Amino acid sequence: MTHSTANRTRGPVTGSPTTGNGHDPKLEIRGVTKNFVTRAGEVDALASCDLALEQGEFLTIVGPSGCGKSTLMMVAAGLDEASSGSILVDGEPAGGPGPQRSVVFQRFALFPSRTVADNICFGMQQARVPKPEQAERLEEQLTLMGLGKFRDSYPHELSGGMQQRVAIARSLVLRPEILLMDEPFGALDAQTRLLLQEELVRLRQVHRFTVLFITHSVEEAVYLADRVAVMTRRPGAIKTVIDVPGDAEWRSSDIETAMGHPEFTQLRQRVWKLVKEEIVAS
Ligand SMILES: Nc1ncnc2c1ncn2[C@@H]1O[C@H](COP(=O)(O)OP(=O)(O)OP(=O)(O)O)[C@@H](O)[C@H]1O
């Protein structure tokens with residue numbers, strides 16, 4: 001994927017959104033709104049949201065707490081219905097959840113009574129992937145995620161970081177075209193988080209999946225992304241989308257080194273200022 005070196009900031013997108021490079025979108029969130037009816041009244045969670053991700057793009061979403069990020073993710077995953085608007089994959093209505101879109105949540109949600117290997121294979125069994133192929137994909141993921149030694153362990157025997165590796169492996173083994181990640185590293189200690197961020201960059205180089213990634217961490221958002229979408233306060237909409245240059249010097253660095261780079265700091269500050277405006281105004 002190519003990137004412009006100039007950081008362009010786009011205003012709220014209306015109508016049919018384009019991708020960063022104007023290509024046909026892999027995943028498109030078109031005019032999605034969501035309101036919840038509760039006993040206390042209606043909650044407008046999302047105003048009209050538009051986003052388009054091209055094949056292989058990594059788009060991170062940041063925004064104030066409660067602005068509707070997880071709601072948007074649930075709708076994008078087909079796990080909840082939009083009040084209006086649509087989710088398109090390759091230009092077609094996406095419908096309910098399917099193997100094409102895989103979700104990783106903050107909490108690992110592993111089956112406690114299944115071993116690591118069985119947890120990773122669960123989705124493949126459901127999808128009736130032939131046994132020899134299951135075995136092949138399992139071995140590949142165990143190696144990629146550094147889980148080989150833990151294949152026969154149970155989730156309670158693993159650290160949080162290892163459990164999240166299993167959750168990610170369980171998603172990747174299905175070879176999803178689109179990976180939807182809702183604060184996947186939010187429950188981890190700082191060191192494990194750094195390691196998994198770097199591993200996600202590496203995995204993405206191998207798999208080239210399209211990623212929509214929610215985070216509270218502005219650093220994480222900038223480090224991982226091709227573009228960072230900033231949401232408004234609730235009801236959430238896309239306030240701005242910022243390009244992160246693909247050829248930035250810090251791109252091949254680990255996140256600690258990247259954070260010391262002036263260009264990275266500038267981007268981080270720019271994103272944080274936009275988020276802070278929304279926090280202050282809410
Ligand atoms: N099932 C639900 N029923 C009623 N209200 C809901 C439901 N889910 C979310 N909301 C409300 O919608 C709004 C957006 O919530 P959401 O969890 O999407 O925000 P968020 O940006 O992901 O928050 P955070 O950053 O704190 O995780 C909140 O006001 C929340 O209380």
# chains A, B, ... in the order shown; residues from 1 in each chain; ligands from 1
call {"tool": "residues_near_ligand", "arguments": {"ligand": "ligand 1", "cutoff": "10 Å", "atoms": "only C-alpha atoms and all ligand atoms", "output": "VMD selection string"}}
result
chain A and resid 34 to 46 61 to 75 80 106 182 to 183 214 to 216 231 to 236
call {"tool": "write_last_selection", "arguments": {"atoms": "C-alpha atoms", "output": "mmCIF file, in the first residue's frame"}}
result
data_model
loop_
_atom_site.group_PDB
_atom_site.id
_atom_site.type_symbol
_atom_site.label_atom_id
_atom_site.label_comp_id
_atom_site.auth_asym_id
_atom_site.auth_seq_id
_atom_site.Cartn_x
_atom_site.Cartn_y
_atom_site.Cartn_z
ATOM 1 C CA LYS A 34 -27.544 3.457 16.498
ATOM 2 C CA ASN A 35 -29.920 4.286 19.281
ATOM 3 C CA PHE A 36 -30.697 2.056 22.209
ATOM 4 C CA VAL A 37 -34.097 2.022 23.829
ATOM 5 C CA THR A 38 -33.678 1.625 27.568
ATOM 6 C CA ARG A 39 -36.057 1.844 30.510
ATOM 7 C CA ALA A 40 -34.616 5.285 31.211
ATOM 8 C CA GLY A 41 -35.303 6.434 27.652
ATOM 9 C CA GLU A 42 -33.495 6.464 24.339
ATOM 10 C CA VAL A 43 -29.715 6.601 24.119
ATOM 11 C CA ASP A 44 -28.326 7.968 20.877
ATOM 12 C CA ALA A 45 -25.030 6.102 20.680
ATOM 13 C CA LEU A 46 -24.024 6.792 17.082
ATOM 14 C CA ILE A 61 -10.398 4.446 15.991
ATOM 15 C CA VAL A 62 -9.947 6.674 19.012
ATOM 16 C CA GLY A 63 -12.467 8.851 20.812
ATOM 17 C CA PRO A 64 -13.708 9.855 24.229
ATOM 18 C CA SER A 65 -14.987 7.183 26.567
ATOM 19 C CA GLY A 66 -18.617 6.343 25.828
ATOM 20 C CA CYS A 67 -18.630 7.928 22.361
ATOM 21 C CA GLY A 68 -19.854 4.724 20.705
ATOM 22 C CA LYS A 69 -16.655 2.967 19.571
ATOM 23 C CA SER A 70 -17.689 -0.497 20.762
ATOM 24 C CA THR A 71 -21.190 0.029 19.430
ATOM 25 C CA LEU A 72 -19.735 0.792 16.011
ATOM 26 C CA MET A 73 -17.562 -2.321 16.231
ATOM 27 C CA MET A 74 -20.517 -4.547 17.170
ATOM 28 C CA VAL A 75 -22.462 -3.246 14.183
ATOM 29 C CA ASP A 80 -25.696 -5.869 16.483
ATOM 30 C CA GLN A 106 -10.572 -6.925 25.214
ATOM 31 C CA ASP A 182 -11.966 -3.848 20.213
ATOM 32 C CA GLU A 183 -9.269 -2.755 22.692
ATOM 33 C CA ILE A 214 -10.371 0.404 18.615
ATOM 34 C CA THR A 215 -8.086 1.754 21.286
ATOM 35 C CA HIS A 216 -7.953 4.270 24.113
ATOM 36 C CA MET A 231 -14.669 10.080 16.867
ATOM 37 C CA THR A 232 -16.736 12.901 18.287
ATOM 38 C CA ARG A 233 -18.326 12.721 21.713
ATOM 39 C CA ARG A 234 -21.645 10.830 21.890
ATOM 40 C CA PRO A 235 -23.601 10.440 19.712
ATOM 41 C CA GLY A 236 -20.401 9.358 18.017
#
call {"tool": "select_by_dssp", "arguments": {"residues": "range 129-265 of chain A", "states": "strand (DSSP E or B)", "output": "VMD selection string"}}
result
chain A and resid 178 to 182 210 to 214 227 to 231 236 238 to 243
call {"tool": "write_last_selection", "arguments": {"atoms": "C-alpha atoms", "output": "compact mmCIF listing (two decimals), in the first residue's frame"}}
result
# COMPACT_ATOMS: atom_id res chain seq x y z
CA ILE A 178 -11.26 -8.49 8.00
CA LEU A 179 -10.11 -8.40 11.59
CA LEU A 180 -12.14 -6.31 14.01
CA MET A 181 -10.32 -5.60 17.26
CA ASP A 182 -11.97 -3.85 20.21
CA THR A 210 -7.85 -5.49 6.73
CA VAL A 211 -8.04 -4.27 10.33
CA LEU A 212 -10.44 -2.01 12.20
CA PHE A 213 -8.93 -1.49 15.65
CA ILE A 214 -10.37 0.40 18.62
CA ARG A 227 -5.06 5.99 9.18
CA VAL A 228 -6.44 7.10 12.53
CA ALA A 229 -10.14 7.96 12.78
CA VAL A 230 -11.08 10.28 15.65
CA MET A 231 -14.67 10.08 16.87
CA GLY A 236 -20.40 9.36 18.02
CA ILE A 238 -16.26 10.29 12.58
CA LYS A 239 -14.80 13.71 13.32
CA THR A 240 -11.55 13.41 11.36
CA VAL A 241 -9.41 10.81 9.64
CA ILE A 242 -5.67 11.34 9.71
CA ASP A 243 -3.14 9.65 7.42
call {"tool": "residues_around", "arguments": {"residues": "Ala117 in chain A", "least_positions_apart": "2", "cutoff": "8 Å", "atoms": "only C-alpha atoms", "output": "PyMOL selection string"}}
result
chain A and resi 114-115+119-121+138+151-152
call {"tool": "atom_distance", "arguments": {"atom1": "CA of Val173 in chain A", "atom2": "CA of Glu199 in chain A"}}
result
15.6 Å
call {"tool": "select_by_dssp", "arguments": {"residues": "range 45-270 of chain A", "states": "alpha helix (DSSP H)", "output": "VMD selection string"}}
result
chain A and resid 69 to 77 116 to 126 131 to 144 160 to 172 190 to 207 218 to 224 255 to 259 262 to 270
call {"tool": "closest_residue", "arguments": {"among": "A:Pro155, A:Gly246, A:Gly146, A:Gly91", "to": "Ala109 in chain A", "atoms": "only C-alpha atoms"}}
result
A:Pro155
